[in-house]
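Data from coords-v7.cif: mmCIF, C-alpha atoms
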data_upload
#
loop_
_atom_site.group_PDB
_atom_site.id
_atom_site.type_symbol
_atom_site.label_atom_id
_atom_site.label_comp_id
_atom_site.auth_asym_id
_atom_site.auth_seq_id
_atom_site.Cartn_x
_atom_site.Cartn_y
_atom_site.Cartn_z
ATOM 1 C CA MET A 1 2.319 28.404 52.161
ATOM 2 C CA THR A 2 0.236 31.119 50.465
ATOM 3 C CA CYS A 3 -1.738 30.724 47.268
ATOM 4 C CA GLN A 4 0.675 33.015 45.435
ATOM 5 C CA GLN A 5 3.540 30.762 46.455
ATOM 6 C CA THR A 6 1.659 27.576 45.563
ATOM 7 C CA ILE A 7 0.811 28.471 41.950
ATOM 8 C CA PRO A 8 4.432 29.024 40.812
ATOM 9 C CA CYS A 9 5.409 25.806 42.532
ATOM 10 C CA LEU A 10 2.664 23.920 40.716
ATOM 11 C CA VAL A 11 3.740 25.424 37.412
ATOM 12 C CA LEU A 12 7.322 24.403 38.039
ATOM 13 C CA ALA A 13 6.188 20.916 39.020
ATOM 14 C CA CYS A 14 4.161 20.579 35.817
ATOM 15 C CA LEU A 15 7.088 21.760 33.717
ATOM 16 C CA ALA A 16 9.373 19.314 35.458
ATOM 17 C CA GLY A 17 6.864 16.545 34.835
ATOM 18 C CA ALA A 18 6.662 17.461 31.165
ATOM 19 C CA VAL A 19 10.448 17.363 30.882
ATOM 20 C CA ALA A 20 10.489 13.968 32.600
ATOM 21 C CA VAL A 21 7.872 12.607 30.195
ATOM 22 C CA GLN A 22 9.822 13.959 27.242
ATOM 23 C CA ALA A 23 12.989 12.409 28.624
ATOM 24 C CA GLY A 24 11.170 9.108 28.978
ATOM 25 C CA GLN A 25 9.988 9.275 25.380
ATOM 26 C CA THR A 26 13.518 10.031 24.223
ATOM 27 C CA ALA A 27 14.865 7.096 26.231
ATOM 28 C CA LEU A 28 12.352 4.786 24.582
ATOM 29 C CA ALA A 29 13.262 5.879 21.053
ATOM 30 C CA LYS A 30 15.271 3.321 19.104
ATOM 31 C CA ASP A 31 18.946 4.033 18.533
ATOM 32 C CA LEU A 32 19.699 3.561 14.833
ATOM 33 C CA SER A 33 23.206 5.025 14.908
ATOM 34 C CA LYS A 34 24.648 1.580 14.192
ATOM 35 C CA GLY A 35 21.780 0.187 12.139
ATOM 36 C CA GLY A 36 18.954 -1.911 13.487
ATOM 37 C CA THR A 37 16.267 -4.515 12.940
ATOM 38 C CA VAL A 38 13.786 -3.743 10.167
ATOM 39 C CA LEU A 39 10.467 -5.500 9.567
ATOM 40 C CA LEU A 40 8.564 -5.160 6.279
ATOM 41 C CA VAL A 41 4.829 -5.843 6.071
ATOM 42 C CA GLY A 42 2.529 -5.260 3.135
ATOM 43 C CA ASP A 43 1.266 -6.680 -0.116
ATOM 44 C CA SER A 44 2.825 -7.935 -3.349
ATOM 45 C CA ILE A 45 4.717 -4.690 -3.979
ATOM 46 C CA PHE A 46 7.094 -6.091 -1.354
ATOM 47 C CA ASP A 47 6.435 -9.717 -2.322
ATOM 48 C CA CYS A 48 6.778 -10.097 -6.080
ATOM 49 C CA HIS A 49 10.349 -11.307 -6.604
ATOM 50 C CA ASP A 50 12.615 -14.146 -5.559
ATOM 51 C CA GLY A 51 16.177 -14.461 -4.343
ATOM 52 C CA ASP A 52 18.470 -11.463 -4.652
ATOM 53 C CA LYS A 53 15.727 -9.513 -6.433
ATOM 54 C CA ARG A 54 13.513 -9.342 -3.343
ATOM 55 C CA ILE A 55 13.201 -5.904 -1.817
ATOM 56 C CA GLU A 56 14.752 -6.851 1.527
ATOM 57 C CA VAL A 57 17.878 -8.090 -0.269
ATOM 58 C CA VAL A 58 18.038 -4.975 -2.455
ATOM 59 C CA LEU A 59 17.479 -2.778 0.583
ATOM 60 C CA ARG A 60 20.278 -4.487 2.510
ATOM 61 C CA ARG A 61 22.645 -4.155 -0.462
ATOM 62 C CA LEU A 62 21.946 -0.441 -0.901
ATOM 63 C CA LEU A 63 22.351 0.243 2.816
ATOM 64 C CA GLN A 64 25.622 -1.658 2.895
ATOM 65 C CA ALA A 65 26.911 0.314 -0.095
ATOM 66 C CA ARG A 66 26.018 3.640 1.518
ATOM 67 C CA ASP A 67 27.561 2.868 4.932
ATOM 68 C CA PRO A 68 29.325 -0.487 5.397
ATOM 69 C CA GLU A 69 29.819 0.151 9.120
ATOM 70 C CA LEU A 70 26.096 -0.074 9.856
ATOM 71 C CA SER A 71 24.449 -3.424 10.566
ATOM 72 C CA TRP A 72 20.878 -3.929 9.342
ATOM 73 C CA ARG A 73 18.807 -7.065 9.942
ATOM 74 C CA ILE A 74 15.858 -6.993 7.549
ATOM 75 C CA SER A 75 12.895 -9.388 7.526
ATOM 76 C CA ASN A 76 10.105 -9.339 4.956
ATOM 77 C CA GLU A 77 6.651 -10.583 5.998
ATOM 78 C CA ALA A 78 4.732 -9.052 3.070
ATOM 79 C CA HIS A 79 2.158 -11.279 1.386
ATOM 80 C CA GLY A 80 0.808 -10.964 -2.149
ATOM 81 C CA GLY A 81 -2.831 -9.880 -2.397
ATOM 82 C CA GLU A 82 -3.019 -8.907 1.256
ATOM 83 C CA TYR A 83 -4.937 -5.925 2.633
ATOM 84 C CA ILE A 84 -5.144 -4.646 6.199
ATOM 85 C CA GLY A 85 -8.675 -5.779 6.959
ATOM 86 C CA PRO A 86 -10.692 -7.036 8.653
ATOM 87 C CA ARG A 87 -12.638 -8.219 5.652
ATOM 88 C CA GLU A 88 -15.694 -6.315 4.468
ATOM 89 C CA GLY A 89 -18.168 -7.768 1.984
ATOM 90 C CA ASN A 90 -16.862 -10.080 -0.753
ATOM 91 C CA PRO A 91 -13.849 -8.338 -2.291
ATOM 92 C CA ARG A 92 -12.376 -9.654 -5.528
ATOM 93 C CA GLY A 93 -8.786 -9.666 -6.706
ATOM 94 C CA VAL A 94 -7.318 -9.924 -3.209
ATOM 95 C CA SER A 95 -6.095 -12.713 -0.964
ATOM 96 C CA SER A 96 -6.582 -12.630 2.798
ATOM 97 C CA PRO A 97 -6.468 -9.722 5.254
ATOM 98 C CA LEU A 98 -3.696 -9.032 7.744
ATOM 99 C CA PHE A 99 -6.381 -8.924 10.453
ATOM 100 C CA THR A 100 -9.365 -11.274 10.379
ATOM 101 C CA THR A 101 -10.582 -9.395 13.467
ATOM 102 C CA GLU A 102 -8.810 -6.763 15.538
ATOM 103 C CA SER A 103 -7.510 -9.542 17.784
ATOM 104 C CA THR A 104 -6.920 -12.379 15.287
ATOM 105 C CA GLY A 105 -5.142 -12.862 11.983
ATOM 106 C CA ARG A 106 -1.724 -13.119 10.366
ATOM 107 C CA PHE A 107 -0.533 -9.962 12.097
ATOM 108 C CA PHE A 108 -0.322 -11.832 15.400
ATOM 109 C CA GLU A 109 1.644 -14.656 13.801
ATOM 110 C CA ILE A 110 4.113 -12.111 12.405
ATOM 111 C CA VAL A 111 4.764 -10.435 15.743
ATOM 112 C CA GLN A 112 5.302 -13.827 17.374
ATOM 113 C CA ARG A 113 7.992 -14.538 14.783
ATOM 114 C CA HIS A 114 9.445 -11.052 15.179
ATOM 115 C CA PRO A 115 9.091 -9.944 18.809
ATOM 116 C CA GLN A 116 11.587 -7.110 18.322
ATOM 117 C CA ALA A 117 11.860 -4.449 15.620
ATOM 118 C CA ASP A 118 13.504 -1.033 15.528
ATOM 119 C CA VAL A 119 11.793 -0.040 12.279
ATOM 120 C CA VAL A 120 8.568 -1.269 10.703
ATOM 121 C CA ILE A 121 7.937 -0.447 7.030
ATOM 122 C CA VAL A 122 4.312 -0.738 5.895
ATOM 123 C CA ASN A 123 3.081 -0.920 2.299
ATOM 124 C CA TYR A 124 -0.681 -1.259 1.812
ATOM 125 C CA ALA A 125 -3.134 0.512 -0.515
ATOM 126 C CA ALA A 126 -3.674 -1.268 -3.840
ATOM 127 C CA ASN A 127 -5.565 -4.257 -2.450
ATOM 128 C CA ASP A 128 -7.285 -2.169 0.210
ATOM 129 C CA SER A 129 -8.682 -0.049 -2.634
ATOM 130 C CA LYS A 130 -10.674 -3.104 -3.756
ATOM 131 C CA VAL A 131 -12.210 -3.640 -0.327
ATOM 132 C CA TYR A 132 -13.196 -0.313 1.250
ATOM 133 C CA PRO A 133 -13.206 3.419 0.439
ATOM 134 C CA PRO A 134 -10.327 5.785 1.267
ATOM 135 C CA GLY A 135 -11.906 7.006 4.536
ATOM 136 C CA ALA A 136 -12.211 3.442 5.813
ATOM 137 C CA PHE A 137 -8.623 2.787 4.717
ATOM 138 C CA ARG A 138 -7.536 5.612 7.020
ATOM 139 C CA GLN A 139 -9.321 3.889 9.901
ATOM 140 C CA LYS A 140 -7.494 0.659 9.088
ATOM 141 C CA LEU A 141 -4.176 2.505 9.136
ATOM 142 C CA GLU A 142 -5.036 3.931 12.544
ATOM 143 C CA MET A 143 -5.864 0.490 13.869
ATOM 144 C CA LEU A 144 -2.701 -1.061 12.430
ATOM 145 C CA ALA A 145 -0.522 1.701 13.858
ATOM 146 C CA GLY A 146 -2.098 1.236 17.275
ATOM 147 C CA GLN A 147 -1.284 -2.466 17.199
ATOM 148 C CA LEU A 148 2.281 -1.793 16.045
ATOM 149 C CA LYS A 149 2.872 0.778 18.796
ATOM 150 C CA ARG A 150 1.661 -1.715 21.375
ATOM 151 C CA VAL A 151 3.992 -4.465 20.134
ATOM 152 C CA TYR A 152 7.000 -2.303 19.182
ATOM 153 C CA PRO A 153 7.137 0.665 21.569
ATOM 154 C CA GLY A 154 9.691 3.246 20.469
ATOM 155 C CA ALA A 155 10.032 1.779 16.970
ATOM 156 C CA VAL A 156 10.083 3.973 13.888
ATOM 157 C CA PHE A 157 7.110 3.452 11.564
ATOM 158 C CA ILE A 158 7.443 4.141 7.840
ATOM 159 C CA PHE A 159 4.300 4.071 5.700
ATOM 160 C CA CYS A 160 4.507 3.874 1.901
ATOM 161 C CA THR A 161 2.197 5.161 -0.792
ATOM 162 C CA SER A 162 1.231 3.016 -3.794
ATOM 163 C CA MET A 163 2.829 2.280 -7.150
ATOM 164 C CA TYR A 164 2.686 4.859 -9.927
ATOM 165 C CA LEU A 165 1.748 3.734 -13.449
ATOM 166 C CA ASP A 166 3.157 5.662 -16.381
ATOM 167 C CA PRO A 167 0.094 6.958 -18.302
ATOM 168 C CA ALA A 168 1.868 6.280 -21.595
ATOM 169 C CA HIS A 169 2.349 2.642 -20.614
ATOM 170 C CA SER A 170 -0.838 1.575 -18.878
ATOM 171 C CA ALA A 171 -4.387 0.777 -19.919
ATOM 172 C CA PRO A 172 -7.549 2.501 -18.655
ATOM 173 C CA TYR A 173 -8.573 1.092 -15.290
ATOM 174 C CA HIS A 174 -11.814 -0.821 -14.880
ATOM 175 C CA ILE A 175 -13.014 -2.115 -11.523
ATOM 176 C CA GLU A 176 -16.268 -3.971 -11.024
ATOM 177 C CA GLU A 177 -17.127 -2.192 -7.792
ATOM 178 C CA SER A 178 -15.405 1.158 -7.361
ATOM 179 C CA ARG A 179 -14.688 2.254 -3.797
ATOM 180 C CA VAL A 180 -13.800 5.803 -4.885
ATOM 181 C CA ALA A 181 -16.853 7.995 -5.394
ATOM 182 C CA SER A 182 -15.069 10.454 -7.690
ATOM 183 C CA PHE A 183 -13.566 7.802 -9.972
ATOM 184 C CA LYS A 184 -14.910 7.461 -13.516
ATOM 185 C CA ASP A 185 -14.649 4.022 -15.076
ATOM 186 C CA GLY A 186 -11.801 3.953 -17.584
ATOM 187 C CA ASP A 187 -9.749 6.693 -15.969
ATOM 188 C CA SER A 188 -6.188 5.901 -14.918
ATOM 189 C CA ARG A 189 -5.375 3.638 -12.024
ATOM 190 C CA ASN A 190 -3.298 6.491 -10.642
ATOM 191 C CA ASP A 191 -6.505 8.511 -10.267
ATOM 192 C CA TYR A 192 -8.118 5.604 -8.472
ATOM 193 C CA LEU A 193 -5.227 5.068 -6.053
ATOM 194 C CA GLU A 194 -4.429 8.700 -5.337
ATOM 195 C CA PRO A 195 -7.200 9.158 -2.709
ATOM 196 C CA TYR A 196 -5.631 6.267 -0.783
ATOM 197 C CA ASN A 197 -2.211 7.884 -1.123
ATOM 198 C CA GLN A 198 -3.664 11.105 0.234
ATOM 199 C CA GLU A 199 -4.906 9.221 3.273
ATOM 200 C CA VAL A 200 -1.415 7.805 3.873
ATOM 201 C CA ARG A 201 0.102 11.292 3.629
ATOM 202 C CA ALA A 202 -2.456 12.831 5.973
ATOM 203 C CA PHE A 203 -2.158 9.932 8.410
ATOM 204 C CA THR A 204 1.643 10.090 8.652
ATOM 205 C CA ALA A 205 1.578 13.867 9.028
ATOM 206 C CA ALA A 206 -1.020 13.692 11.808
ATOM 207 C CA HIS A 207 1.044 11.193 13.820
ATOM 208 C CA SER A 208 4.572 12.295 12.835
ATOM 209 C CA TYR A 209 5.283 8.908 11.288
ATOM 210 C CA GLN A 210 7.761 8.634 8.443
ATOM 211 C CA LEU A 211 6.342 8.842 4.902
ATOM 212 C CA ALA A 212 7.909 6.971 1.988
ATOM 213 C CA ASP A 213 6.038 8.597 -0.871
ATOM 214 C CA THR A 214 6.962 5.963 -3.421
ATOM 215 C CA PHE A 215 4.107 7.069 -5.686
ATOM 216 C CA ARG A 216 5.676 10.519 -6.093
ATOM 217 C CA ARG A 217 9.193 9.087 -6.332
ATOM 218 C CA LEU A 218 8.163 6.777 -9.180
ATOM 219 C CA ARG A 219 6.257 9.584 -10.886
ATOM 220 C CA ILE A 220 9.304 11.867 -10.770
ATOM 221 C CA GLU A 221 11.503 9.128 -12.230
ATOM 222 C CA THR A 222 8.930 8.495 -14.954
ATOM 223 C CA GLN A 223 8.791 12.195 -15.847
ATOM 224 C CA LYS A 224 12.566 12.101 -16.264
ATOM 225 C CA GLY A 225 12.044 9.463 -18.949
ATOM 226 C CA ASN A 226 12.771 6.439 -16.739
ATOM 227 C CA TRP A 227 9.342 4.898 -17.248
ATOM 228 C CA ASP A 228 10.338 1.210 -17.350
ATOM 229 C CA MET A 229 9.830 0.256 -13.701
ATOM 230 C CA ARG A 230 7.059 -2.354 -13.840
ATOM 231 C CA LEU A 231 6.663 -5.947 -14.919
ATOM 232 C CA ARG A 232 4.995 -6.799 -18.224
ATOM 233 C CA ALA A 233 1.668 -8.643 -18.478
ATOM 234 C CA ASP A 234 1.988 -12.157 -17.072
ATOM 235 C CA GLU A 235 5.608 -11.260 -16.280
ATOM 236 C CA GLY A 236 6.399 -11.343 -19.984
ATOM 237 C CA ASP A 237 9.841 -10.746 -21.477
ATOM 238 C CA PRO A 238 10.520 -6.982 -21.865
ATOM 239 C CA THR A 239 12.601 -7.676 -24.976
ATOM 240 C CA LEU A 240 9.259 -8.399 -26.670
ATOM 241 C CA ASP A 241 8.126 -4.779 -26.178
ATOM 242 C CA PRO A 242 8.503 -3.963 -29.921
ATOM 243 C CA GLN A 243 5.893 -6.629 -30.668
ATOM 244 C CA HIS A 244 3.401 -4.908 -28.368
ATOM 245 C CA GLN A 245 3.498 -1.319 -29.533
ATOM 246 C CA GLY A 246 0.170 0.311 -28.767
ATOM 247 C CA ASP A 247 -0.899 -2.614 -26.564
ATOM 248 C CA MET A 248 -1.152 -0.867 -23.217
ATOM 249 C CA LYS A 249 -2.295 -4.040 -21.478
ATOM 250 C CA TRP A 250 1.164 -5.441 -22.127
ATOM 251 C CA PHE A 251 2.579 -2.697 -19.897
ATOM 252 C CA ASP A 252 -0.259 -2.690 -17.374
ATOM 253 C CA ASN A 253 1.156 -4.849 -14.577
ATOM 254 C CA ILE A 254 1.196 -2.782 -11.380
ATOM 255 C CA HIS A 255 4.086 -4.679 -9.790
ATOM 256 C CA PRO A 256 7.610 -3.266 -9.817
ATOM 257 C CA ASN A 257 10.329 -4.859 -11.904
ATOM 258 C CA ASP A 258 13.961 -4.876 -10.760
ATOM 259 C CA LYS A 259 14.394 -1.175 -11.482
ATOM 260 C CA GLY A 260 11.115 -0.300 -9.782
ATOM 261 C CA THR A 261 12.042 -2.319 -6.708
ATOM 262 C CA GLU A 262 15.403 -0.581 -6.534
ATOM 263 C CA THR A 263 13.739 2.840 -6.853
ATOM 264 C CA ILE A 264 11.398 2.016 -3.967
ATOM 265 C CA ALA A 265 14.328 0.692 -1.933
ATOM 266 C CA GLN A 266 16.309 3.882 -2.582
ATOM 267 C CA GLU A 267 13.464 5.932 -1.129
ATOM 268 C CA LEU A 268 13.488 3.726 1.975
ATOM 269 C CA VAL A 269 17.281 3.883 2.290
ATOM 270 C CA GLU A 270 17.235 7.664 2.376
ATOM 271 C CA ILE A 271 14.693 7.622 5.196
ATOM 272 C CA LEU A 272 16.520 4.953 7.198
ATOM 273 C CA LEU A 273 19.857 6.758 6.962
ATOM 274 C CA SER A 274 18.253 10.065 7.912
ATOM 275 C CA LEU A 275 17.099 8.513 11.195
ATOM 276 C CA ARG A 276 20.592 7.841 12.555
#

Could I get this file's structure written as C-alpha cells?
Amino acid sequence: MTCQQTIPCLVLACLAGAVAVQAGQTALAKDLSKGGTVLLVGDSIFDCHDGDKRIEVVLRRLLQARDPELSWRISNEAHGGEYIGPREGNPRGVSSPLFTTESTGRFFEIVQRHPQADVVIVNYAANDSKVYPPGAFRQKLEMLAGQLKRVYPGAVFIFCTSMYLDPAHSAPYHIEESRVASFKDGDSRNDYLEPYNQEVRAFTAAHSYQLADTFRRLRIETQKGNWDMRLRADEGDPTLDPQHQGDMKWFDNIHPNDKGTETIAQELVEILLSLR
C-alpha cells in the first residue's frame, strides 16, 4: 500500500474511532426520560428544615406536579455548616469538611450509602467562603467533581450558586478574616459571596456541567418585590416583622424560608425536566 493510500485510511480510522468514543459516551449517559435517582450534597441551604419543608420533599412534590408519570428518588445528604475541604487553618462559623483529606471524610460515607445516582446536585459556597479564597474554592470544586465522576460515571452534575440577600433586608457583613481581597468590611454579603458564585459559573461552563444559578434566581424574584425568602434572626416569627422595622439584623439570616426553598427547588426542577 502506498503512502497516499495509507493517509486517507488512517484519517478514516481516526474518524471512526472518534465516532466510537462518542457513541460510548452517549451510551454511558444516564437516561432521565422516566425520572431517576437524585443525590443532594451541600451545606445548610439544603439542610435547614424538617419534614415536608425539606428541599428534597419540596423538589419531589414540584416534580410530581409537573409530570406525574416520572419517578424520582431523591436523597439529601447535605449537612449544616459543611464546606468541601480539606480543612485549611482554623476556620470559624463552620462545622466539618466533606473531605478531611482527598481520600478520607464524609464524602466516602455518602457514596457507600448511595452507590448509584443519575443526578448529583451540589450546593457549596457560603461556608467555603470562610475557609479559603475564591481561587482555592475553584480547586475544591475540581477535586469534588473528579471524585463524583469516578463514583458516578455518566451522571449529571448540577452545581448551585449561593443565597442572595435582599439589600433592603440585610445588615452590613462583617467577617473576622476575609478571604476575598476586594471585599471591604461592612459591604453586603452578596458582594462577599459573588466571587465564589463567579467561580461556580466559570467551573460549570468549562466542564459543561449544569448550573443552577440560585443566586440570580433569588435576586430576580427579589427585584420583582418578592423579597421575603429567608428566615428571620434565630428563626424568629415573621409576624413580628412590624416590631423590627429598621432592624436589619432581624432579616439577616442567610438561610431560605419555605418560599426561598421552593424558589431554589423550582430552579432545580426546570433543569431536571430539561434533561429528559

Please write as a list of chain:residue names the list of polymer residues whose atoms come within 10 Å of (-0.3, -13.6, 2.5), counting only C-alpha atoms and keeping to the coordinates of the file. A:Val41, A:Gly42, A:Asp43, A:Ser44, A:Asp47, A:Glu77, A:Ala78, A:His79, A:Gly80, A:Gly81, A:Glu82, A:Tyr83, A:Val94, A:Ser95, A:Ser96, A:Pro97, A:Leu98, A:Arg106

I need the residue nearest Arg87 in chain A from this list: A:Phe203, A:Trp227, A:Phe99, A:Phe137. Use only C-alpha atoms for the distance. A:Phe99

Hey, which bits of range 40-140 of chain A sit within 10 Å of range 205-217 of chain A, and for each residue what's the closest pair of atoms and how far apart in Å (one decimal), counting only C-alpha atoms, rows by chain and increasing number, as a Markdown table?
| residue | atom | partner | partner_atom | distance |
| --- | --- | --- | --- | --- |
| A:Ile121 | CA | A:Ala212 | CA | 9.0 |
| A:Val122 | CA | A:Ala212 | CA | 9.4 |
| A:Asn123 | CA | A:Ala212 | CA | 9.3 |

Residue neighbourhood Pro86 in chain A, 12 Å, all atoms listed in the file, exclusion window fewer than 4 positions, as a PyMOL selection string: chain A and resi 82+90-91+96-107+128+131-132+136-137+139-141+143-144

Would you export the selected residues with C-alpha atoms as a compact mmCIF listing (two decimals), keeping the file's coordinate frame, please?
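Okay, part_18.txt is ready:
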# COMPACT_ATOMS: atom_id res chain seq x y z
CA GLU A 82 -3.02 -8.91 1.26
CA ASN A 90 -16.86 -10.08 -0.75
CA PRO A 91 -13.85 -8.34 -2.29
CA SER A 96 -6.58 -12.63 2.80
CA PRO A 97 -6.47 -9.72 5.25
CA LEU A 98 -3.70 -9.03 7.74
CA PHE A 99 -6.38 -8.92 10.45
CA THR A 100 -9.36 -11.27 10.38
CA THR A 101 -10.58 -9.40 13.47
CA GLU A 102 -8.81 -6.76 15.54
CA SER A 103 -7.51 -9.54 17.78
CA THR A 104 -6.92 -12.38 15.29
CA GLY A 105 -5.14 -12.86 11.98
CA ARG A 106 -1.72 -13.12 10.37
CA PHE A 107 -0.53 -9.96 12.10
CA ASP A 128 -7.28 -2.17 0.21
CA VAL A 131 -12.21 -3.64 -0.33
CA TYR A 132 -13.20 -0.31 1.25
CA ALA A 136 -12.21 3.44 5.81
CA PHE A 137 -8.62 2.79 4.72
CA GLN A 139 -9.32 3.89 9.90
CA LYS A 140 -7.49 0.66 9.09
CA LEU A 141 -4.18 2.50 9.14
CA MET A 143 -5.86 0.49 13.87
CA LEU A 144 -2.70 -1.06 12.43

Neighbour list for range 177-185 of chain A as a compact mmCIF listing (two decimals) with C-alpha atoms, keeping the file's coordinate frame, cut-off 7 Å, all atoms listed in the file, skip fewer than 6 positions in-chain:
# COMPACT_ATOMS: atom_id res chain seq x y z
CA SER A 129 -8.68 -0.05 -2.63
CA LYS A 130 -10.67 -3.10 -3.76
CA TYR A 132 -13.20 -0.31 1.25
CA PRO A 133 -13.21 3.42 0.44
CA TYR A 192 -8.12 5.60 -8.47

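For the pair CA of Gly36 in chain A and CA of Trp72 in chain A, the interatomic distance is 5.0 Å.
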
May I have the residues at most 10 Å from (17.6, -4.1, -9.6) in the file's coordinates, counting all atoms listed in the file, as a PyMOL selection string? chain A and resi 52-55+58+229+257-263+265

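For the atom pair formed by CA of Glu267 in chain A and CA of Asn253 in chain A, the distance is 21.2 Å, given to one decimal.
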
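If you measure from each of A:Asp166, A:Glu56, A:Asp241, A:Glu194 to Ala126 in chain A using only C-alpha atoms, the closest one turns out to be A:Glu194.
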
List the neighbours of range 65-67 of chain A out to 12 Å using only C-alpha atoms; skip same-chain residues closer than 2 positions along the sequence, and give me the result as an NGL selection string. :A and (33-35 or 58-63 or 69-72 or 266 or 269-270 or 272-274 or 276)

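For the file at hand, the PyMOL selection byres ((chain A and resi 232) around 8) resolves to Arg230, Leu231, Ala233, Asp234, Glu235, Gly236, Asp237, Pro238, Trp250, Phe251, Asp252 and Asn253 of chain A.
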
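Ranking A:Tyr173, A:Tyr164, A:Phe108, A:Tyr124 by their shortest atom-to-atom distance to Gln147 in chain A, with only C-alpha atoms included, puts A:Phe108 first.
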
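Going from CA of Ala202 in chain A over to CA of Leu275 in chain A, you cover 20.7 Å.
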
Evaluate the PyMOL selection byres ((chain A and resi 157) around 6) and report residues as number ranges by chain: A: 119-120, 156, 158, 209

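If you measure from each of A:Leu193, A:Ile74, A:Val38, A:Leu218 to Tyr152 in chain A using only C-alpha atoms, the closest one turns out to be A:Val38.
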
Extract, using only C-alpha atoms, all DNA, RNA and protein residues at most 8 Å from Val151 in chain A, discarding same-chain residues fewer than 3 positions from it, and format them as a list in words. Val111, Pro115, Gln147 and Leu148 of chain A

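Nearest residue to Arg189 in chain A, choosing from A:Met248, A:Ile220, A:Ile254, A:Leu40 and counting only C-alpha atoms: A:Ile254.
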
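Comparing A:Gln243, A:Ser162, A:Ser75, A:Thr204 by their smallest distance to Arg219 in chain A, the closest is A:Ser162 (using all atoms listed in the file).
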
What does range 209-227 of chain A look like written to a file with N, CA and C atoms, as a tab-separated table (two decimals), in the first residue's frame?
chain	number	residue	atom	x	y	z
A	209	TYR	N	-20.94	21.24	32.88
A	209	TYR	CA	-21.85	20.78	33.91
A	209	TYR	C	-23.07	21.70	33.93
A	210	GLN	N	-24.12	21.25	34.57
A	210	GLN	CA	-25.32	22.06	34.69
A	210	GLN	C	-25.14	23.11	35.80
A	211	LEU	N	-25.62	24.32	35.55
A	211	LEU	CA	-25.55	25.41	36.52
A	211	LEU	C	-26.95	25.75	37.01
A	212	ALA	N	-27.15	25.68	38.32
A	212	ALA	CA	-28.37	26.20	38.95
A	212	ALA	C	-27.99	27.52	39.61
A	213	ASP	N	-28.20	28.60	38.90
A	213	ASP	CA	-27.77	29.91	39.41
A	213	ASP	C	-28.84	30.46	40.35
A	214	THR	N	-28.90	29.84	41.53
A	214	THR	CA	-29.92	30.21	42.50
A	214	THR	C	-29.73	31.64	42.99
A	215	PHE	N	-28.49	32.12	43.03
A	215	PHE	CA	-28.23	33.50	43.43
A	215	PHE	C	-28.97	34.46	42.50
A	216	ARG	N	-28.85	34.27	41.20
A	216	ARG	CA	-29.51	35.14	40.23
A	216	ARG	C	-31.03	34.95	40.27
A	217	ARG	N	-31.46	33.71	40.45
A	217	ARG	CA	-32.90	33.43	40.51
A	217	ARG	C	-33.54	34.15	41.70
A	218	LEU	N	-32.89	34.09	42.86
A	218	LEU	CA	-33.40	34.77	44.04
A	218	LEU	C	-33.33	36.29	43.89
A	219	ARG	N	-32.28	36.77	43.23
A	219	ARG	CA	-32.17	38.21	43.00
A	219	ARG	C	-33.29	38.70	42.09
A	220	ILE	N	-33.58	37.96	41.04
A	220	ILE	CA	-34.67	38.35	40.13
A	220	ILE	C	-36.00	38.38	40.86
A	221	GLU	N	-36.26	37.36	41.68
A	221	GLU	CA	-37.50	37.33	42.45
A	221	GLU	C	-37.58	38.51	43.40
A	222	THR	N	-36.45	38.83	44.03
A	222	THR	CA	-36.41	39.97	44.96
A	222	THR	C	-36.71	41.27	44.24
A	223	GLN	N	-36.14	41.45	43.05
A	223	GLN	CA	-36.35	42.67	42.28
A	223	GLN	C	-37.79	42.81	41.81
A	224	LYS	N	-38.51	41.68	41.76
A	224	LYS	CA	-39.93	41.73	41.43
A	224	LYS	C	-40.78	42.17	42.63
A	225	GLY	N	-40.13	42.25	43.80
A	225	GLY	CA	-40.84	42.61	45.02
A	225	GLY	C	-41.06	41.44	45.95
A	226	ASN	N	-40.64	40.23	45.53
A	226	ASN	CA	-40.81	39.04	46.36
A	226	ASN	C	-39.55	38.83	47.22
A	227	TRP	N	-39.32	39.74	48.15
A	227	TRP	CA	-38.07	39.73	48.90
A	227	TRP	C	-38.08	38.74	50.07
